[in-house]
Amino acid sequence: MATTDRRTEDLLRELAPQVLGVLARRFGDFATAEDAVQEALLAAATQWPEEGMPANPRGWLIQVAYRRMIELVRAEAARRNREDLVARREPDDRRAAPAADEQLFGERDDTLILLFLCCHPALSPASAIALTLRAVGGLSTAEIAHAFLVPEATMAQRISRAKQRIRSSGLSFRMPDEADRGDRLAAVRHVLYLIFTEGHTSSAGPDLRRVDLSVEAIRLTRTLHEQLPDDSETTGLLALMLLTEARSPARTGPSGELISLAEQDRSRWDTSAVAEGVALVTHALPRGPVGPYQLQAAIAALHDEAPSAEQTDWPQILALYEVLERQSGSPVVALNRAVATAMVHGPHAGLAALAELADEPRLAGHHRVHAARAHLYEMAGDRDRAVADYRAAAARTNSLPEQRYLAMRAARLAGAQSSSNDE
């Protein structure tokens with residue numbers, strides 16, 4: 001969609017799941033419908049800038065996608081000798097594409113069903129992320145591949161396998177049963193969280209952030225929240241994303257270098273995003289079971305509302321991390337809790353808490369363990385150990401901005417240590 005302006009691109013991404021829902025519901029074939037919709041989006045991206053946007057963009061997309069869907073279904077039927085089956089499924093008056101102003105299924109929005117389908121537990125997280133971004137986010141395969149720094153052919157294979165998995169599973173295009181809905185919704189939230197996390201701090205490559213991913217994750221989570229306004233964990237997830245993304249303008253310097261939270265210019269934070277995030281989490285916490293996304297959002301709100309790093313309410317943050325750790329059992333949360341412990345009770349208490357995680361296999365070799373320990377050693381005045389851990393952390397991350405930041409911290413401390421020795 002590189003040829004479209006931002007307004008048109010946003011509209012296409014908003015309409016993509018609606019059009020896909022129409023086709024998938026009518027034909028009962030998600031995989032083929034998704035291919036047809038992608039071709040319609042491509043046609044819109046190339047034709048609308050030259051010919052102008054149609055009066056009914058949704059109807060235009062449905063018409064083009066419907067026509068392509070019929071072509072694909074008929075080609076598949078010919079290959080498998082299933083003309084009779086197709087004929088029984090599609091009456092004669094439906095073999096041509098509908099008029100652009102015909103409202104198939106009214107204005108029904110099937111985005112929530114699509115999210116449940118794309119985030120099915122049968123799919124790996126990587127496949128669910130790719131399929132969600134393409135089917136619900138409206139991103140092209142090339143855009144998704146670029147965001148995750150993999151060849152387009154690799155991403156195309158990943159998406160194709162995901163669609164084949166859905167097709168072979170026999171899943172119908174409908175909401176999951178009530179008994180499964182809670183687990184499936186949790187899977188949807190998890191996929192959206194993973195998309196946001198990768199966008200906010202890239203796991204590899206030259207850039208700290210992948211803005212397109214974090215923006216798309218927020219958009220999709222906002223859509224989910226609109227569909228399920230009373231789900232407190234979905235509200236908490238949206239709040240967490242907004243409160244975290246609000247700091248992004250201050251996270252990097254002029255050359256793209258990483259700036260730590262304590263050193264950021266807080267006047268550059270997005271105050272409207274902070275206000276919306278705080279309002280969301282304040283609304284969610286008293287109204288339902290408090291889950292991990294609400295707790296993380298509450299922690300983020302305490303950081304964002306502090307006028308300065310020194311005025312951060314670390315005792316309250318530590319209390320929230322303790323609740324979160326008991327609830328989630330996540331070693332990453334335990335790592336964050338150790339840092340919060342240091343901020344409340346001193347670096348030696350934090351280092352003792354970190355030592356308790358030494359045998360945690362899920363953290364083995366993780367650069368964040370070394371980075372946290374280096375920070376605490378620096379707080380304690382043990383420069384030699386801090387330098388060693390900063391260097392170890394830099395060697396273990398694939399993110400170039402993080403590597404440069406950690407190496408710079410090590411060099412700065414080593415230089416200060418050398419100056420002290422010279423004196």
# chains A, B, ... in the order shown; residues from 1 in each chain; ligands from 1

$ residues_around --residues "Ala374 (chain A)" --least-positions-apart "6" --cutoff "7 Å" --atoms "only C-alpha atoms" --output "ChimeraX atom specification"
/A:385-387,389-390

$ write_last_selection --atoms "N, CA, C and O atoms" --output "PDB file, in the first residue's frame"
ATOM      1  N   ARG A 385      32.231  -4.969  38.538  1.00  0.00           N
ATOM      2  CA  ARG A 385      31.180  -5.944  38.243  1.00  0.00           C
ATOM      3  C   ARG A 385      30.107  -5.356  37.330  1.00  0.00           C
ATOM      4  O   ARG A 385      29.556  -6.051  36.476  1.00  0.00           O
ATOM      5  N   ALA A 386      29.834  -4.078  37.507  1.00  0.00           N
ATOM      6  CA  ALA A 386      28.857  -3.430  36.632  1.00  0.00           C
ATOM      7  C   ALA A 386      29.341  -3.435  35.190  1.00  0.00           C
ATOM      8  O   ALA A 386      28.583  -3.753  34.255  1.00  0.00           O
ATOM      9  N   VAL A 387      30.608  -3.101  34.985  1.00  0.00           N
ATOM     10  CA  VAL A 387      31.178  -3.096  33.629  1.00  0.00           C
ATOM     11  C   VAL A 387      31.100  -4.486  33.024  1.00  0.00           C
ATOM     12  O   VAL A 387      30.710  -4.650  31.857  1.00  0.00           O
ATOM     13  N   ASP A 389      29.027  -6.923  33.654  1.00  0.00           N
ATOM     14  CA  ASP A 389      27.657  -7.312  33.320  1.00  0.00           C
ATOM     15  C   ASP A 389      27.093  -6.477  32.169  1.00  0.00           C
ATOM     16  O   ASP A 389      26.332  -6.982  31.346  1.00  0.00           O
ATOM     17  N   TYR A 390      27.460  -5.211  32.100  1.00  0.00           N
ATOM     18  CA  TYR A 390      27.013  -4.406  30.955  1.00  0.00           C
ATOM     19  C   TYR A 390      27.562  -4.994  29.658  1.00  0.00           C
ATOM     20  O   TYR A 390      26.861  -5.088  28.644  1.00  0.00           O
TER      21      TYR A 390
END

$ residues_around --residues "Met379 (chain A)" --least-positions-apart "4" --cutoff "9 Å" --atoms "only C-alpha atoms" --output "PyMOL selection string"
chain A and resi 342+346-347+374-375+383+386

$ atom_distance --atom1 "CA of Ile299 (chain A)" --atom2 "CA of Leu320 (chain A)"
6.9 Å

$ closest_residue --among "A:Arg25, A:Gln311, A:Ala239, A:Val290" --to "Leu324 (chain A)" --atoms "only C-alpha atoms"
A:Val290

$ select_by_dssp --residues "region 146-175 of chain A" --states "alpha helix (DSSP H)" --output "PyMOL selection string"
chain A and resi 146-147+152-169

$ write_last_selection --atoms "N, CA, C and O atoms" --output "PDB file, in the first residue's frame"
ATOM      1  N   HIS A 146       8.855  -7.163   6.201  1.00  0.00           N
ATOM      2  CA  HIS A 146       9.777  -6.059   6.490  1.00  0.00           C
ATOM      3  C   HIS A 146       9.799  -5.752   7.988  1.00  0.00           C
ATOM      4  O   HIS A 146      10.865  -5.501   8.566  1.00  0.00           O
ATOM      5  N   ALA A 147       8.630  -5.786   8.610  1.00  0.00           N
ATOM      6  CA  ALA A 147       8.549  -5.470  10.038  1.00  0.00           C
ATOM      7  C   ALA A 147       9.311  -6.475  10.882  1.00  0.00           C
ATOM      8  O   ALA A 147       9.891  -6.122  11.916  1.00  0.00           O
ATOM      9  N   GLU A 152      10.368 -11.925   2.226  1.00  0.00           N
ATOM     10  CA  GLU A 152       8.937 -11.973   1.940  1.00  0.00           C
ATOM     11  C   GLU A 152       8.473 -13.400   1.679  1.00  0.00           C
ATOM     12  O   GLU A 152       7.378 -13.800   2.098  1.00  0.00           O
ATOM     13  N   ALA A 153       9.311 -14.195   0.996  1.00  0.00           N
ATOM     14  CA  ALA A 153       8.936 -15.586   0.712  1.00  0.00           C
ATOM     15  C   ALA A 153       8.752 -16.385   1.997  1.00  0.00           C
ATOM     16  O   ALA A 153       7.848 -17.222   2.105  1.00  0.00           O
ATOM     17  N   THR A 154       9.600 -16.124   2.976  1.00  0.00           N
ATOM     18  CA  THR A 154       9.484 -16.813   4.268  1.00  0.00           C
ATOM     19  C   THR A 154       8.175 -16.461   4.959  1.00  0.00           C
ATOM     20  O   THR A 154       7.475 -17.331   5.486  1.00  0.00           O
ATOM     21  N   MET A 155       7.833 -15.165   4.958  1.00  0.00           N
ATOM     22  CA  MET A 155       6.597 -14.746   5.589  1.00  0.00           C
ATOM     23  C   MET A 155       5.388 -15.277   4.830  1.00  0.00           C
ATOM     24  O   MET A 155       4.381 -15.673   5.441  1.00  0.00           O
ATOM     25  N   ALA A 156       5.468 -15.330   3.503  1.00  0.00           N
ATOM     26  CA  ALA A 156       4.363 -15.874   2.706  1.00  0.00           C
ATOM     27  C   ALA A 156       4.121 -17.336   3.058  1.00  0.00           C
ATOM     28  O   ALA A 156       2.964 -17.780   3.180  1.00  0.00           O
ATOM     29  N   GLN A 157       5.189 -18.091   3.232  1.00  0.00           N
ATOM     30  CA  GLN A 157       5.052 -19.497   3.618  1.00  0.00           C
ATOM     31  C   GLN A 157       4.431 -19.625   5.003  1.00  0.00           C
ATOM     32  O   GLN A 157       3.586 -20.494   5.245  1.00  0.00           O
ATOM     33  N   ARG A 158       4.834 -18.743   5.908  1.00  0.00           N
ATOM     34  CA  ARG A 158       4.293 -18.782   7.268  1.00  0.00           C
ATOM     35  C   ARG A 158       2.783 -18.514   7.260  1.00  0.00           C
ATOM     36  O   ARG A 158       2.011 -19.211   7.936  1.00  0.00           O
ATOM     37  N   ILE A 159       2.370 -17.525   6.502  1.00  0.00           N
ATOM     38  CA  ILE A 159       0.945 -17.189   6.415  1.00  0.00           C
ATOM     39  C   ILE A 159       0.181 -18.315   5.727  1.00  0.00           C
ATOM     40  O   ILE A 159      -0.921 -18.688   6.156  1.00  0.00           O
ATOM     41  N   SER A 160       0.760 -18.862   4.671  1.00  0.00           N
ATOM     42  CA  SER A 160       0.097 -19.951   3.949  1.00  0.00           C
ATOM     43  C   SER A 160      -0.098 -21.166   4.840  1.00  0.00           C
ATOM     44  O   SER A 160      -1.170 -21.791   4.841  1.00  0.00           O
ATOM     45  N   ARG A 161       0.920 -21.503   5.620  1.00  0.00           N
ATOM     46  CA  ARG A 161       0.795 -22.647   6.539  1.00  0.00           C
ATOM     47  C   ARG A 161      -0.266 -22.383   7.597  1.00  0.00           C
ATOM     48  O   ARG A 161      -1.007 -23.293   7.981  1.00  0.00           O
ATOM     49  N   ALA A 162      -0.328 -21.153   8.079  1.00  0.00           N
ATOM     50  CA  ALA A 162      -1.339 -20.820   9.084  1.00  0.00           C
ATOM     51  C   ALA A 162      -2.740 -20.984   8.518  1.00  0.00           C
ATOM     52  O   ALA A 162      -3.635 -21.536   9.176  1.00  0.00           O
ATOM     53  N   LYS A 163      -2.961 -20.499   7.307  1.00  0.00           N
ATOM     54  CA  LYS A 163      -4.288 -20.632   6.691  1.00  0.00           C
ATOM     55  C   LYS A 163      -4.620 -22.095   6.415  1.00  0.00           C
ATOM     56  O   LYS A 163      -5.773 -22.523   6.585  1.00  0.00           O
ATOM     57  N   GLN A 164      -3.613 -22.864   6.002  1.00  0.00           N
ATOM     58  CA  GLN A 164      -3.841 -24.290   5.766  1.00  0.00           C
ATOM     59  C   GLN A 164      -4.194 -25.006   7.068  1.00  0.00           C
ATOM     60  O   GLN A 164      -5.049 -25.902   7.083  1.00  0.00           O
ATOM     61  N   ARG A 165      -3.557 -24.579   8.149  1.00  0.00           N
ATOM     62  CA  ARG A 165      -3.852 -25.187   9.459  1.00  0.00           C
ATOM     63  C   ARG A 165      -5.303 -24.918   9.850  1.00  0.00           C
ATOM     64  O   ARG A 165      -5.996 -25.812  10.365  1.00  0.00           O
ATOM     65  N   ILE A 166      -5.759 -23.712   9.607  1.00  0.00           N
ATOM     66  CA  ILE A 166      -7.149 -23.380   9.913  1.00  0.00           C
ATOM     67  C   ILE A 166      -8.094 -24.177   9.024  1.00  0.00           C
ATOM     68  O   ILE A 166      -9.103 -24.719   9.481  1.00  0.00           O
ATOM     69  N   ARG A 167      -7.755 -24.267   7.743  1.00  0.00           N
ATOM     70  CA  ARG A 167      -8.617 -25.008   6.811  1.00  0.00           C
ATOM     71  C   ARG A 167      -8.708 -26.482   7.202  1.00  0.00           C
ATOM     72  O   ARG A 167      -9.792 -27.067   7.239  1.00  0.00           O
ATOM     73  N   SER A 168      -7.562 -27.098   7.506  1.00  0.00           N
ATOM     74  CA  SER A 168      -7.567 -28.532   7.825  1.00  0.00           C
ATOM     75  C   SER A 168      -8.198 -28.821   9.179  1.00  0.00           C
ATOM     76  O   SER A 168      -8.655 -29.939   9.420  1.00  0.00           O
ATOM     77  N   SER A 169      -8.248 -27.816  10.058  1.00  0.00           N
ATOM     78  CA  SER A 169      -8.840 -28.029  11.381  1.00  0.00           C
ATOM     79  C   SER A 169     -10.358 -28.087  11.321  1.00  0.00           C
ATOM     80  O   SER A 169     -11.006 -28.527  12.276  1.00  0.00           O
TER      81      SER A 169
END

$ residues_around --residues "Ala40 (chain A)" --least-positions-apart "4" --cutoff "6 Å" --atoms "only C-alpha atoms" --output "number ranges by chain"
A: 61, 64-65

$ residues_around --residues "Gly256 (chain A)" --least-positions-apart "5" --cutoff "10 Å" --atoms "only C-alpha atoms" --output "PyMOL selection string"
chain A and resi 206-209+251+401

$ closest_residue --among "A:Arg189, A:Arg13, A:Arg404, A:Arg74" --to "Ile259 (chain A)" --atoms "only C-alpha atoms"
A:Arg404

$ atom_distance --atom1 "CA of Pro121 (chain A)" --atom2 "CA of Ile195 (chain A)"
16.3 Å

$ atom_distance --atom1 "CA of Ala364 (chain A)" --atom2 "CA of Glu263 (chain A)"
28.5 Å

$ closest_residue --among "A:Pro307, A:Pro49, A:Gly21, A:Gly138" --to "Ile113 (chain A)" --atoms "only C-alpha atoms"
A:Gly21

$ residues_around --residues "Gln38 (chain A)" --least-positions-apart "6" --cutoff "9 Å" --atoms "only C-alpha atoms" --output "tab-separated table (two decimals) with N, CA and C atoms, in the first residue's frame"
chain	number	residue	atom	x	y	z
A	16	ALA	N	-10.63	-3.83	5.86
A	16	ALA	CA	-10.17	-5.17	5.49
A	16	ALA	C	-10.88	-6.28	6.26
A	65	ALA	N	-13.54	-7.97	-4.23
A	65	ALA	CA	-13.15	-9.21	-3.54
A	65	ALA	C	-14.11	-10.34	-3.85
A	134	ARG	N	-2.12	-9.71	8.75
A	134	ARG	CA	-2.56	-9.71	7.36
A	134	ARG	C	-4.08	-9.70	7.25
A	135	ALA	N	-4.75	-10.60	7.96
A	135	ALA	CA	-6.20	-10.75	7.79
A	135	ALA	C	-6.98	-9.65	8.51
A	138	GLY	N	-4.79	-5.89	7.77
A	138	GLY	CA	-4.76	-5.41	6.40
A	138	GLY	C	-3.38	-5.12	5.87
A	139	LEU	N	-2.32	-5.58	6.55
A	139	LEU	CA	-0.97	-5.38	6.06
A	139	LEU	C	-0.66	-6.39	4.96
A	140	SER	N	0.14	-6.00	4.01
A	140	SER	CA	0.55	-6.92	2.97
A	140	SER	C	1.62	-7.86	3.51
